[in-house]
Structures are given as structure tokens and as C-alpha cells.
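Colleague: Contents are compact mmCIF, C-alpha atoms; file name upload_13.txt:
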```
# COMPACT_ATOMS: atom_id res chain seq x y z
CA MET C 101 -15.38 41.12 37.33
CA LYS C 102 -12.18 39.12 37.24
CA ILE C 103 -9.61 40.45 34.78
CA ILE C 104 -7.15 37.96 33.30
CA HIS C 105 -3.70 39.28 32.44
CA TYR C 106 -1.61 37.41 29.88
CA THR C 107 2.16 37.55 30.13
CA PRO C 108 4.02 38.49 26.93
CA LEU C 109 5.33 34.91 26.66
CA LEU C 110 1.87 33.33 26.87
CA LEU C 111 0.52 35.88 24.42
CA ALA C 112 3.29 35.09 21.95
CA LEU C 113 2.62 31.37 22.28
CA ALA C 114 -1.10 31.89 21.72
CA ILE C 115 -0.44 34.00 18.61
CA GLY C 116 2.08 31.46 17.31
CA GLN C 117 -0.39 28.62 17.79
CA ALA C 118 -3.08 30.53 15.96
CA MET C 119 -0.72 31.15 13.04
CA ALA C 120 0.35 27.51 12.98
CA ASP C 121 -3.25 26.36 12.73
CA THR C 122 -4.23 28.62 9.82
CA PRO C 123 -6.63 26.50 7.76
CA ILE C 124 -6.20 25.98 4.03
CA ASN C 125 -9.19 25.89 1.70
CA LEU C 126 -8.30 26.34 -1.97
CA SER C 127 -9.56 24.95 -5.28
CA ALA C 128 -8.93 25.43 -8.99
CA ALA C 129 -10.11 23.88 -12.25
CA ALA C 130 -7.86 21.17 -13.68
CA ARG C 131 -7.88 19.05 -16.81
CA PRO C 132 -7.97 15.24 -16.39
CA ASP C 133 -4.37 15.02 -17.64
CA ALA C 134 -3.03 18.18 -15.98
CA HIS C 135 0.43 18.55 -14.46
CA VAL C 136 0.45 19.38 -10.74
CA SER C 137 3.56 20.53 -8.88
CA ILE C 138 3.70 20.51 -5.05
CA ASP C 139 6.51 21.91 -2.86
CA ASN C 140 6.52 21.67 0.95
CA VAL C 141 9.48 22.17 3.27
CA LYS C 142 8.17 20.84 6.56
CA GLY C 143 5.04 18.93 7.54
CA GLU C 144 3.17 16.42 5.35
CA VAL C 145 1.85 15.97 1.82
CA THR C 146 -1.10 13.69 1.01
CA VAL C 147 -2.39 13.43 -2.55
CA THR C 148 -5.67 11.63 -3.25
CA ALA C 149 -7.25 11.13 -6.67
CA TRP C 150 -10.91 11.72 -7.44
CA ASP C 151 -13.21 12.05 -10.47
CA LYS C 152 -13.77 15.82 -10.31
CA PRO C 153 -12.06 18.13 -12.88
CA GLN C 154 -10.43 20.26 -10.20
CA VAL C 155 -7.66 20.44 -7.65
CA GLU C 156 -8.62 21.03 -4.03
CA VAL C 157 -6.19 21.84 -1.22
CA SER C 158 -7.02 21.60 2.48
CA GLY C 159 -4.97 21.24 5.66
CA SER C 160 -3.14 23.81 7.76
CA LEU C 161 -0.46 26.36 6.96
CA GLY C 162 2.59 26.53 9.22
CA SER C 163 3.63 29.68 11.01
CA GLY C 164 6.09 31.85 9.09
CA ALA C 165 4.81 30.66 5.68
CA ARG C 166 3.59 33.04 3.03
CA PRO C 167 -0.12 32.88 2.10
CA LEU C 168 -0.74 29.82 -0.05
CA LYS C 169 -2.36 29.91 -3.47
CA ILE C 170 -2.73 27.67 -6.51
CA GLU C 171 -0.87 29.21 -9.44
CA GLY C 172 -1.04 28.45 -13.15
CA ASP C 173 -3.89 27.33 -15.39
CA ASP C 174 -5.95 24.16 -15.78
CA ARG C 175 -3.08 22.44 -17.61
CA ASN C 176 -0.29 23.29 -15.14
CA LEU C 177 -0.92 24.00 -11.47
CA ASP C 178 1.67 24.89 -8.83
CA ILE C 179 1.20 24.61 -5.06
CA LYS C 180 4.26 25.89 -3.20
CA VAL C 181 4.79 26.50 0.51
CA SER C 182 7.49 29.12 0.98
CA GLY C 183 8.84 31.31 3.77
CA SER C 184 8.13 34.97 4.27
CA GLU C 185 11.46 35.86 2.62
CA GLU C 186 11.83 35.74 -1.15
CA GLY C 187 13.61 32.67 -2.51
CA ARG C 188 13.18 29.15 -3.70
CA TRP C 189 11.53 26.42 -1.65
CA PHE C 190 14.89 25.11 -0.47
CA ASN C 191 15.99 28.45 1.01
CA TRP C 192 17.17 26.96 4.31
CA LYS C 193 17.77 30.29 6.09
CA SER C 194 14.17 31.34 5.58
CA ASP C 195 12.37 28.02 5.70
CA ASN C 196 13.99 26.69 8.89
CA ARG C 197 11.93 29.22 10.82
CA MET C 198 8.66 27.95 9.37
CA GLY C 199 6.21 25.76 11.21
CA SER C 200 4.87 22.47 9.82
CA THR C 201 2.38 22.68 6.95
CA THR C 202 -0.07 19.88 6.23
CA LEU C 203 -1.23 19.68 2.61
CA ASN C 204 -4.16 17.45 1.68
CA VAL C 205 -4.44 17.68 -2.09
CA ARG C 206 -7.18 16.13 -4.21
CA VAL C 207 -6.50 15.80 -7.94
CA PRO C 208 -8.05 14.24 -11.07
CA LYS C 209 -7.00 10.60 -11.48
CA GLY C 210 -5.01 11.07 -14.68
CA VAL C 211 -2.74 13.94 -13.60
CA SER C 212 1.05 13.90 -13.56
CA LEU C 213 2.77 14.94 -10.33
CA ASP C 214 6.03 16.62 -9.33
CA ILE C 215 6.52 16.69 -5.56
CA ASN C 216 9.48 18.26 -3.73
CA VAL C 217 9.76 17.99 0.07
CA VAL C 218 12.52 18.49 2.63
CA SER C 219 11.16 17.18 5.91
CA ALA C 220 7.72 15.84 5.08
CA PRO C 221 6.33 12.35 4.45
CA VAL C 222 4.48 11.90 1.16
CA THR C 223 1.41 9.71 0.54
CA ILE C 224 -0.17 9.27 -2.91
CA ASP C 225 -3.34 7.27 -3.49
CA GLY C 226 -5.63 6.45 -6.40
CA LEU C 227 -3.83 7.92 -9.43
CA ASP C 228 -4.40 6.15 -12.74
CA GLY C 229 -2.12 6.83 -15.69
CA GLY C 230 0.06 9.90 -15.11
CA LYS C 231 3.79 10.22 -14.41
CA VAL C 232 4.98 10.85 -10.85
CA ASN C 233 8.27 12.39 -9.70
CA VAL C 234 9.13 12.77 -6.01
CA GLU C 235 12.26 14.36 -4.48
CA SER C 236 12.52 13.97 -0.70
CA VAL C 237 15.34 14.88 1.68
CA SER C 238 13.91 13.44 4.89
CA GLY C 239 10.64 11.53 4.83
CA ARG C 240 9.13 8.27 3.66
CA VAL C 241 7.25 8.07 0.38
CA ARG C 242 4.20 5.83 -0.03
CA MET C 243 2.12 5.38 -3.17
CA ASN C 244 -0.80 3.14 -4.07
CA ALA C 245 -1.66 3.86 -7.71
CA ARG C 246 -1.45 2.83 -11.34
CA THR C 247 1.07 5.02 -13.13
CA SER C 248 2.94 4.94 -16.43
CA SER C 249 6.28 5.92 -14.88
CA ILE C 250 7.78 7.14 -11.62
CA ASN C 251 11.04 8.64 -10.46
CA PHE C 252 11.45 8.61 -6.65
CA ASN C 253 14.58 9.93 -4.96
CA THR C 254 14.93 10.03 -1.16
CA VAL C 255 17.91 10.78 1.07
CA SER C 256 16.60 9.52 4.39
CA GLY C 257 13.30 7.76 3.95
CA SER C 258 11.75 4.54 2.71
CA ILE C 259 9.90 4.01 -0.57
CA ASP C 260 6.77 1.85 -0.41
CA LEU C 261 4.80 1.21 -3.60
CA GLY C 262 1.43 -0.43 -4.11
CA GLY C 263 -0.73 -0.77 -7.20
CA HIS C 264 1.20 -1.05 -10.47
CA VAL C 265 3.99 1.07 -11.96
CA GLY C 266 5.12 0.99 -15.60
CA ASP C 267 8.69 2.32 -15.70
CA ALA C 268 10.26 2.85 -12.29
CA GLU C 269 13.41 4.67 -11.18
CA LEU C 270 13.92 4.41 -7.41
CA GLN C 271 16.80 5.70 -5.33
CA THR C 272 17.29 6.01 -1.58
CA VAL C 273 20.32 6.52 0.64
CA SER C 274 19.20 5.07 3.97
CA GLY C 275 15.67 3.79 3.40
CA ASP C 276 14.11 0.51 2.26
CA ILE C 277 12.45 0.03 -1.13
CA THR C 278 9.33 -2.12 -1.41
CA ALA C 279 7.63 -2.49 -4.80
CA PRO C 280 5.40 -5.54 -5.38
CA SER C 281 4.37 -4.72 -8.96
CA VAL C 282 6.59 -2.86 -11.42
CA GLY C 283 6.73 -2.99 -15.20
CA SER C 284 9.36 -3.68 -17.83
CA MET C 285 11.85 -0.87 -17.08
CA LEU C 286 13.41 -0.71 -13.61
CA LYS C 287 16.32 1.11 -12.03
CA ALA C 288 16.73 0.85 -8.25
CA GLU C 289 19.58 1.94 -6.00
CA THR C 290 20.05 2.02 -2.24
CA VAL C 291 23.05 2.54 0.05
CA SER C 292 21.97 1.04 3.37
CA GLY C 293 18.38 0.00 2.84
CA HIS C 294 16.81 -3.31 1.83
CA MET C 295 15.07 -3.88 -1.51
CA ASN C 296 12.10 -6.16 -2.15
CA ILE C 297 10.84 -5.77 -5.73
CA ASN C 298 8.61 -7.91 -7.94
CA GLY C 299 7.31 -7.35 -11.44
CA GLY C 300 8.38 -7.79 -15.02
CA PRO C 301 8.92 -9.37 -17.33
CA TYR C 302 11.74 -6.85 -17.49
CA ARG C 303 12.97 -5.28 -20.68
CA LYS C 304 15.77 -3.70 -18.69
CA ALA C 305 16.37 -3.89 -14.95
CA GLU C 306 19.38 -2.43 -13.13
CA LEU C 307 19.70 -2.77 -9.36
CA SER C 308 22.52 -1.92 -6.96
CA THR C 309 22.95 -1.92 -3.19
CA VAL C 310 25.88 -1.24 -0.87
CA SER C 311 24.93 -2.76 2.48
CA GLY C 312 21.29 -3.77 2.19
CA ASP C 313 19.79 -7.12 1.19
CA LEU C 314 18.08 -7.38 -2.18
CA GLN C 315 15.18 -9.56 -3.30
CA LEU C 316 13.98 -9.46 -6.91
CA GLY C 317 11.22 -11.43 -8.59
CA GLY C 318 10.29 -11.52 -12.28
CA GLY C 319 11.31 -12.78 -15.68
CA ILE C 320 13.05 -11.28 -18.70
CA GLU C 321 11.23 -9.96 -21.76
CA GLY C 322 12.67 -11.27 -25.05
CA ASP C 323 16.32 -10.25 -25.36
CA GLY C 324 16.07 -7.97 -22.31
CA SER C 325 18.44 -7.93 -19.36
CA ILE C 326 18.72 -7.90 -15.57
CA ASN C 327 21.92 -6.56 -14.00
CA ILE C 328 22.50 -6.62 -10.24
CA ASP C 329 25.45 -5.34 -8.21
CA SER C 330 25.77 -5.76 -4.42
CA MET C 331 28.64 -4.92 -2.08
CA SER C 332 27.80 -6.50 1.29
CA GLY C 333 24.12 -7.38 1.11
CA ASP C 334 22.64 -10.78 0.30
CA VAL C 335 20.88 -11.17 -3.05
CA GLN C 336 17.99 -13.51 -3.81
CA ILE C 337 16.47 -13.71 -7.29
CA SER C 338 13.31 -15.60 -8.18
CA VAL C 339 12.68 -16.16 -11.91
CA PRO C 340 10.00 -18.19 -13.74
CA GLY C 341 10.74 -21.78 -14.69
CA ASN C 342 10.48 -20.95 -18.40
CA LEU C 343 13.23 -18.31 -18.20
CA SER C 344 15.20 -17.85 -21.40
CA ALA C 345 18.51 -16.18 -20.62
CA LYS C 346 22.27 -16.41 -20.46
CA ILE C 347 23.14 -16.39 -16.75
CA THR C 348 26.47 -15.13 -15.43
CA ALA C 349 27.15 -14.54 -11.75
CA ASN C 350 30.08 -14.27 -9.36
CA THR C 351 30.74 -13.65 -5.69
CA PHE C 352 34.03 -12.63 -4.12
CA SER C 353 33.49 -14.10 -0.65
CA GLY C 354 29.82 -15.02 -0.44
CA GLN C 355 28.08 -18.31 -1.22
CA LEU C 356 26.43 -18.82 -4.60
CA ARG C 357 23.50 -21.18 -5.08
CA SER C 358 21.54 -21.56 -8.31
CA ASP C 359 18.79 -23.74 -9.76
CA PHE C 360 20.40 -23.15 -13.16
CA GLY C 361 23.77 -24.74 -13.84
CA GLU C 362 26.47 -25.45 -11.29
CA ALA C 363 28.47 -22.84 -9.40
CA LYS C 364 32.24 -23.30 -9.39
CA LYS C 365 35.12 -21.97 -7.33
CA GLY C 366 36.13 -18.51 -8.50
CA ASP C 367 39.57 -17.61 -9.82
CA GLU C 368 39.98 -14.91 -7.18
CA GLY C 369 38.95 -15.00 -3.53
CA PRO C 370 36.96 -17.71 -1.72
CA GLY C 371 33.78 -17.03 -3.69
CA SER C 372 32.12 -18.74 -6.64
CA GLU C 373 31.12 -18.08 -10.23
CA LEU C 374 28.34 -19.31 -12.49
CA ASP C 375 27.99 -19.51 -16.27
CA ALA C 376 24.75 -21.16 -17.37
CA THR C 377 22.02 -21.02 -20.00
CA ALA C 378 18.28 -21.19 -19.36
CA GLY C 379 15.99 -22.01 -22.31
CA ASN C 380 17.37 -20.65 -25.57
CA GLY C 381 19.49 -18.06 -23.74
CA ARG C 382 17.97 -15.06 -25.47
CA GLY C 383 17.99 -12.67 -22.52
CA LYS C 384 20.76 -11.81 -20.05
CA LEU C 385 20.95 -12.16 -16.26
CA HIS C 386 24.17 -10.88 -14.68
CA VAL C 387 24.80 -10.66 -10.93
CA GLU C 388 27.87 -9.62 -8.94
CA THR C 389 28.25 -9.63 -5.15
CA PHE C 390 31.30 -8.92 -3.03
CA SER C 391 30.68 -10.26 0.47
CA GLY C 392 27.00 -11.14 0.28
CA ASP C 393 25.45 -14.52 -0.52
CA LEU C 394 23.63 -15.04 -3.81
CA LYS C 395 20.67 -17.31 -4.58
CA ILE C 396 19.01 -17.74 -7.99
CA ARG C 397 15.76 -19.64 -7.65
CA LYS C 398 13.41 -21.12 -10.24
CA GLY C 399 9.75 -20.35 -9.57
CA GLN C 400 6.60 -21.70 -11.18
```
Represent the structure from my file as C-alpha cells, please.

Modeller:
Amino acid sequence: MKIIHYTPLLLALAIGQAMADTPINLSAAARPDAHVSIDNVKGEVTVTAWDKPQVEVSGSLGSGARPLKIEGDDRNLDIKVSGSEEGRWFNWKSDNRMGSTTLNVRVPKGVSLDINVVSAPVTIDGLDGGKVNVESVSGRVRMNARTSSINFNTVSGSIDLGGHVGDAELQTVSGDITAPSVGSMLKAETVSGHMNINGGPYRKAELSTVSGDLQLGGGIEGDGSINIDSMSGDVQISVPGNLSAKITANTFSGQLRSDFGEAKKGDEGPGSELDATAGNGRGKLHVETFSGDLKIRKGQ
């Protein structure tokens, strides 16, 4: 009989692989409007809504992680991946030695979510009604859902939204923001990414970008306001033809074109400024750019 001898290195690799592939199979009862918190340092988080009154977690647990469990009760449930050493989920010394953990989480449609990740993309699908907060250090965030409000904050990753969001607060340092359908309250900021957002009519919308282009579509609700500030990115705004707002805009060195009023040479720099009224001028639209071009277009 042939005897196979494993070297210590091969044995260690085999053991490490086995640990890395540890399957996850957990479930717990959850109310339709429960609050679910998910923390993962490295790997991936996918949240999918269903009609069952429970939370189910599958996937694989990374090597070096402590055994996973669902904590809390049916109103508040916590799912946290942590290292073998005691400490919070952002304990870098401990968690850097962990392997990647994949979390596939199924939740009732109406839950609210809090998700914290360091190096893990996040995907959310099918929610209907709850609030969603996501904090991500390095990883894109994608969501296709109907939610009352969201707060997404990423350092190095894009934000891509589908479905419809009520109130939205979006911030990214180096990623793009895409949101085709947001509600009346909007705050969006990016340093080097592009923004493409549609929605409204806005009760209050505040957008700022340093070096990325910005495209915004939507009207103004009543005496609401839209305020936009851009350093070096181009700005294009598309508003309905029946817009009712006081429009003020200025550029320091970029071109300014508008379907409302006539842009004039600015007092400072080679740029332009605009002071116009659309409809009865009830709302406010204010835009400032430094070196980017500005276009204000009238839609249907």
C-alpha cells in the first residue's frame, strides 16, 4: 500500500483552506419591521428580502474569525464577523489576519438595516419600506429597493442605487454616485467621483463635488431649494419646464449656459453669472462652480 506523506507546509495550507471554507447556516425569528445590524471586515455582504418572518444567514466564514451567531431578539438582530481576539469589528491588528467571509443574508422586506464593512462590497435587493445605513471603507455599494431613507458613506467605492429612495444622504471620497430615483430630501457629496442623480421634486437638495462631473434631474417642491457647489467638475441640471424658482448661478472660469434668463460676464474672473426667475419664483436654485462648465436645461 502506498503511503502519502504531507509536508508541514502542505498540511498547513490544507487546514487553512478548510477553515476558510467553513460554511454558515444560521436562522432566527424576526419581525417584519425589525432592525438588523451586519458587520463584516473582509469579504462580501449580500442582503436579499423575502416574505418569511425570519433572518437567514448562509455563506462561508473566513479563517481566523470567531464562530458566527445571530444575537438579539426578533426586534433587533446583530450579525458580526470578528477576529479571534476581543475587540470591536474595526480592530485592525486582529482583523487583518482574518480570511474573507461571505455573508448571504435574507431578511423580511420591511426591516431597517445598519451595515458596516471595511473591505467588502455590499449588495441589497428587494427591501420595501425600512431605513438603510451603510458605512464602507473600501468596497462598492449597490442597492435595488424601495426605502424611506438611506445614509451611505464610502471612502473608496461607488454607490449605485436602483428602485426608489425617500430621503437620501450619500457621500463618497473616490467613487461615483448613481441614483435614478430619489425623493424630496437629498444630500450628496463626492471628492473625485461623478454624480448622476434624478428624482424630486426636491424639498431640499444639497450637492457638492470637488473634481467629478455632476448631473442632476428634477424639480423643486413649493418653496424648496436646490444648492450645488462644484470646484473643477462640470455641472448639468435638467429641470421641468414648469419650474417655479429664483435662479442664481455663477462660474469663476467655466462657461455658463441656461434656458432661463441670460448669463452675463462676472465681476471677478473670466466666468459668468446668472440671475433669473422661472414661473412665480417660489423656490430657489443656486449653483456655484469654480473651473467647471455649467448648463441649466429646461425639460418637458

Colleague: I'd like the neighbourhood of region 148-152 of chain C as a ChimeraX atom specification, where a residue qualifies if any of its atoms comes within 8 Å (using all atoms listed in the file), though same-chain residues fewer than 3 positions away should be ignored.

Modeller: /C:204-209,224-227

Colleague: Deliver the residues from the most recent selection as a file, using C-alpha atoms, as an mmCIF file, in the coordinates of the input.

Modeller:
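Written file, selection_8.cif:
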```cif
data_model
loop_
_atom_site.group_PDB
_atom_site.id
_atom_site.type_symbol
_atom_site.label_atom_id
_atom_site.label_comp_id
_atom_site.auth_asym_id
_atom_site.auth_seq_id
_atom_site.Cartn_x
_atom_site.Cartn_y
_atom_site.Cartn_z
ATOM 1 C CA ASN C 204 -4.160 17.450 1.680
ATOM 2 C CA VAL C 205 -4.440 17.680 -2.090
ATOM 3 C CA ARG C 206 -7.180 16.130 -4.210
ATOM 4 C CA VAL C 207 -6.500 15.800 -7.940
ATOM 5 C CA PRO C 208 -8.050 14.240 -11.070
ATOM 6 C CA LYS C 209 -7.000 10.600 -11.480
ATOM 7 C CA ILE C 224 -0.170 9.270 -2.910
ATOM 8 C CA ASP C 225 -3.340 7.270 -3.490
ATOM 9 C CA GLY C 226 -5.630 6.450 -6.400
ATOM 10 C CA LEU C 227 -3.830 7.920 -9.430
#
```

Colleague: When you look at Met295 (chain C) with a cut-off of 9 Å (counting all atoms listed in the file), what residues show up, excluding the ones that are within fewer than 2 positions of it in the same chain? I need them as a list in words.

Modeller: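 Result of the neighbour search: Asp276, Ile277, Thr278, Ala279, Ala288, Glu289, Thr290, Gly293, Ile297, Thr309, Gly312, Asp313, Leu314, Gln315 and Leu316 of chain C.
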
Colleague: Would you list the contacts of Ile215 (chain C) as a VMD selection string, taking every protein, DNA or RNA residue within 6 Å and counting all atoms listed in the file, but skipping same-chain residues closer than 6 positions in sequence?

Modeller: chain C and resid 137 to 139 234

Colleague: Applying 10 Å and all atoms listed in the file, which residues near Arg197 (chain C) remain after dropping the ones on its own chain fewer than 5 positions away? List them as number ranges by chain.

Modeller: C: 162-165, 183-184, 192

Colleague: Can those selected residues be exported to a file as a PDB file, keeping the file's coordinate frame so that it contains C-alpha atoms?

Modeller:
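Below is the file result-v2.pdb, written as the result:
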```
ATOM      1  CA  GLY C 162       2.590  26.530   9.220  1.00  0.00           C
ATOM      2  CA  SER C 163       3.630  29.680  11.010  1.00  0.00           C
ATOM      3  CA  GLY C 164       6.090  31.850   9.090  1.00  0.00           C
ATOM      4  CA  ALA C 165       4.810  30.660   5.680  1.00  0.00           C
ATOM      5  CA  GLY C 183       8.840  31.310   3.770  1.00  0.00           C
ATOM      6  CA  SER C 184       8.130  34.970   4.270  1.00  0.00           C
ATOM      7  CA  TRP C 192      17.170  26.960   4.310  1.00  0.00           C
TER       8      TRP C 192
END
```

Colleague: List as a ChimeraX atom specification the protein and nucleic acid residues near Gly262 (chain C), meaning an atom at most 7 Å away when all atoms listed in the file are counted, but skip any in the same chain fewer than 3 places from it.

Modeller: /C:243-245,279-280

Colleague: Under the rule that all atoms listed in the file are counted, which of C:Lys365, C:Arg175, C:Arg382, C:Arg397 is the nearest residue to Val339 (chain C)?

Modeller: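 Ranked by minimum distance to Val339 (chain C), first place goes to C:Arg397.
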
Colleague: What are the centre and the three edge lengths of an axis-aligned box that wraps all atoms of region 160-177 of chain C in the file, given that 8 Å is added to every side, written as AutoDock Vina command-line options and rounded to one decimal in Å?

Modeller:
```
--center_x 0.1 --center_y 27.7 --center_z -3.3 --size_x 28.0 --size_y 26.6 --size_z 44.6
```

Colleague: Since fewer atoms than expected are present, regenerate N, CA, C and O atoms for region 254-278 of chain C and write them as a PDB file, in the frame of the given file.

Modeller:
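As a result, selection-v4.pdb now contains:
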```pdb
ATOM      1  N   THR C 254      14.963   9.624  -2.565  1.00  0.00           N
ATOM      2  CA  THR C 254      14.930  10.030  -1.160  1.00  0.00           C
ATOM      3  C   THR C 254      16.322   9.922  -0.553  1.00  0.00           C
ATOM      4  O   THR C 254      17.102   9.040  -0.924  1.00  0.00           O
ATOM      5  N   VAL C 255      16.624  10.824   0.366  1.00  0.00           N
ATOM      6  CA  VAL C 255      17.910  10.780   1.070  1.00  0.00           C
ATOM      7  C   VAL C 255      17.789   9.964   2.347  1.00  0.00           C
ATOM      8  O   VAL C 255      18.596   9.092   2.623  1.00  0.00           O
ATOM      9  N   SER C 256      16.774  10.230   3.130  1.00  0.00           N
ATOM     10  CA  SER C 256      16.600   9.520   4.390  1.00  0.00           C
ATOM     11  C   SER C 256      15.126   9.169   4.573  1.00  0.00           C
ATOM     12  O   SER C 256      14.413   9.800   5.343  1.00  0.00           O
ATOM     13  N   GLY C 257      14.689   8.171   3.853  1.00  0.00           N
ATOM     14  CA  GLY C 257      13.300   7.760   3.950  1.00  0.00           C
ATOM     15  C   GLY C 257      13.036   6.560   3.063  1.00  0.00           C
ATOM     16  O   GLY C 257      13.691   6.372   2.035  1.00  0.00           O
ATOM     17  N   SER C 258      12.080   5.740   3.461  1.00  0.00           N
ATOM     18  CA  SER C 258      11.750   4.540   2.710  1.00  0.00           C
ATOM     19  C   SER C 258      10.834   4.855   1.542  1.00  0.00           C
ATOM     20  O   SER C 258      10.181   5.895   1.494  1.00  0.00           O
ATOM     21  N   ILE C 259      10.797   3.933   0.564  1.00  0.00           N
ATOM     22  CA  ILE C 259       9.900   4.010  -0.570  1.00  0.00           C
ATOM     23  C   ILE C 259       9.026   2.758  -0.546  1.00  0.00           C
ATOM     24  O   ILE C 259       9.533   1.640  -0.560  1.00  0.00           O
ATOM     25  N   ASP C 260       7.706   2.963  -0.513  1.00  0.00           N
ATOM     26  CA  ASP C 260       6.770   1.850  -0.410  1.00  0.00           C
ATOM     27  C   ASP C 260       5.706   2.018  -1.493  1.00  0.00           C
ATOM     28  O   ASP C 260       4.910   2.951  -1.453  1.00  0.00           O
ATOM     29  N   LEU C 261       5.695   1.100  -2.457  1.00  0.00           N
ATOM     30  CA  LEU C 261       4.800   1.210  -3.600  1.00  0.00           C
ATOM     31  C   LEU C 261       3.740   0.125  -3.587  1.00  0.00           C
ATOM     32  O   LEU C 261       4.038  -1.041  -3.344  1.00  0.00           O
ATOM     33  N   GLY C 262       2.508   0.518  -3.892  1.00  0.00           N
ATOM     34  CA  GLY C 262       1.430  -0.430  -4.110  1.00  0.00           C
ATOM     35  C   GLY C 262       0.825  -0.162  -5.474  1.00  0.00           C
ATOM     36  O   GLY C 262       1.238   0.755  -6.182  1.00  0.00           O
ATOM     37  N   GLY C 263      -0.162  -0.947  -5.879  1.00  0.00           N
ATOM     38  CA  GLY C 263      -0.730  -0.770  -7.200  1.00  0.00           C
ATOM     39  C   GLY C 263       0.201  -1.307  -8.269  1.00  0.00           C
ATOM     40  O   GLY C 263       0.857  -2.342  -8.079  1.00  0.00           O
ATOM     41  N   HIS C 264       0.308  -0.616  -9.395  1.00  0.00           N
ATOM     42  CA  HIS C 264       1.200  -1.050 -10.470  1.00  0.00           C
ATOM     43  C   HIS C 264       1.885   0.155 -11.107  1.00  0.00           C
ATOM     44  O   HIS C 264       1.257   1.181 -11.357  1.00  0.00           O
ATOM     45  N   VAL C 265       3.183   0.011 -11.356  1.00  0.00           N
ATOM     46  CA  VAL C 265       3.990   1.070 -11.960  1.00  0.00           C
ATOM     47  C   VAL C 265       4.578   0.559 -13.261  1.00  0.00           C
ATOM     48  O   VAL C 265       5.079  -0.569 -13.324  1.00  0.00           O
ATOM     49  N   GLY C 266       4.521   1.374 -14.329  1.00  0.00           N
ATOM     50  CA  GLY C 266       5.120   0.990 -15.600  1.00  0.00           C
ATOM     51  C   GLY C 266       6.632   1.012 -15.523  1.00  0.00           C
ATOM     52  O   GLY C 266       7.280   0.033 -15.170  1.00  0.00           O
ATOM     53  N   ASP C 267       7.248   2.146 -15.827  1.00  0.00           N
ATOM     54  CA  ASP C 267       8.690   2.320 -15.700  1.00  0.00           C
ATOM     55  C   ASP C 267       8.988   2.932 -14.340  1.00  0.00           C
ATOM     56  O   ASP C 267       8.341   3.903 -13.942  1.00  0.00           O
ATOM     57  N   ALA C 268       9.979   2.369 -13.644  1.00  0.00           N
ATOM     58  CA  ALA C 268      10.260   2.850 -12.290  1.00  0.00           C
ATOM     59  C   ALA C 268      11.746   3.130 -12.112  1.00  0.00           C
ATOM     60  O   ALA C 268      12.599   2.289 -12.441  1.00  0.00           O
ATOM     61  N   GLU C 269      12.053   4.320 -11.577  1.00  0.00           N
ATOM     62  CA  GLU C 269      13.410   4.670 -11.180  1.00  0.00           C
ATOM     63  C   GLU C 269      13.361   5.052  -9.705  1.00  0.00           C
ATOM     64  O   GLU C 269      12.711   6.038  -9.331  1.00  0.00           O
ATOM     65  N   LEU C 270      14.027   4.267  -8.857  1.00  0.00           N
ATOM     66  CA  LEU C 270      13.920   4.410  -7.410  1.00  0.00           C
ATOM     67  C   LEU C 270      15.312   4.522  -6.810  1.00  0.00           C
ATOM     68  O   LEU C 270      16.174   3.688  -7.078  1.00  0.00           O
ATOM     69  N   GLN C 271      15.494   5.518  -5.955  1.00  0.00           N
ATOM     70  CA  GLN C 271      16.800   5.700  -5.330  1.00  0.00           C
ATOM     71  C   GLN C 271      16.622   6.203  -3.911  1.00  0.00           C
ATOM     72  O   GLN C 271      15.874   7.145  -3.659  1.00  0.00           O
ATOM     73  N   THR C 272      17.316   5.555  -2.963  1.00  0.00           N
ATOM     74  CA  THR C 272      17.290   6.010  -1.580  1.00  0.00           C
ATOM     75  C   THR C 272      18.653   5.773  -0.946  1.00  0.00           C
ATOM     76  O   THR C 272      19.356   4.828  -1.302  1.00  0.00           O
ATOM     77  N   VAL C 273      19.021   6.646  -0.018  1.00  0.00           N
ATOM     78  CA  VAL C 273      20.320   6.520   0.640  1.00  0.00           C
ATOM     79  C   VAL C 273      20.220   5.605   1.854  1.00  0.00           C
ATOM     80  O   VAL C 273      20.977   4.655   1.991  1.00  0.00           O
ATOM     81  N   SER C 274      19.259   5.860   2.744  1.00  0.00           N
ATOM     82  CA  SER C 274      19.200   5.070   3.970  1.00  0.00           C
ATOM     83  C   SER C 274      17.821   4.458   4.223  1.00  0.00           C
ATOM     84  O   SER C 274      17.540   4.044   5.337  1.00  0.00           O
ATOM     85  N   GLY C 275      16.987   4.373   3.218  1.00  0.00           N
ATOM     86  CA  GLY C 275      15.670   3.790   3.400  1.00  0.00           C
ATOM     87  C   GLY C 275      15.473   2.522   2.596  1.00  0.00           C
ATOM     88  O   GLY C 275      16.208   2.251   1.646  1.00  0.00           O
ATOM     89  N   ASP C 276      14.457   1.731   2.986  1.00  0.00           N
ATOM     90  CA  ASP C 276      14.110   0.510   2.260  1.00  0.00           C
ATOM     91  C   ASP C 276      13.277   0.840   1.033  1.00  0.00           C
ATOM     92  O   ASP C 276      12.614   1.881   0.962  1.00  0.00           O
ATOM     93  N   ILE C 277      13.289  -0.073   0.063  1.00  0.00           N
ATOM     94  CA  ILE C 277      12.450   0.030  -1.130  1.00  0.00           C
ATOM     95  C   ILE C 277      11.590  -1.213  -1.225  1.00  0.00           C
ATOM     96  O   ILE C 277      12.106  -2.331  -1.268  1.00  0.00           O
ATOM     97  N   THR C 278      10.273  -1.017  -1.253  1.00  0.00           N
ATOM     98  CA  THR C 278       9.330  -2.120  -1.410  1.00  0.00           C
ATOM     99  C   THR C 278       8.426  -1.816  -2.593  1.00  0.00           C
ATOM    100  O   THR C 278       7.748  -0.792  -2.609  1.00  0.00           O
TER     101      THR C 278
END
```
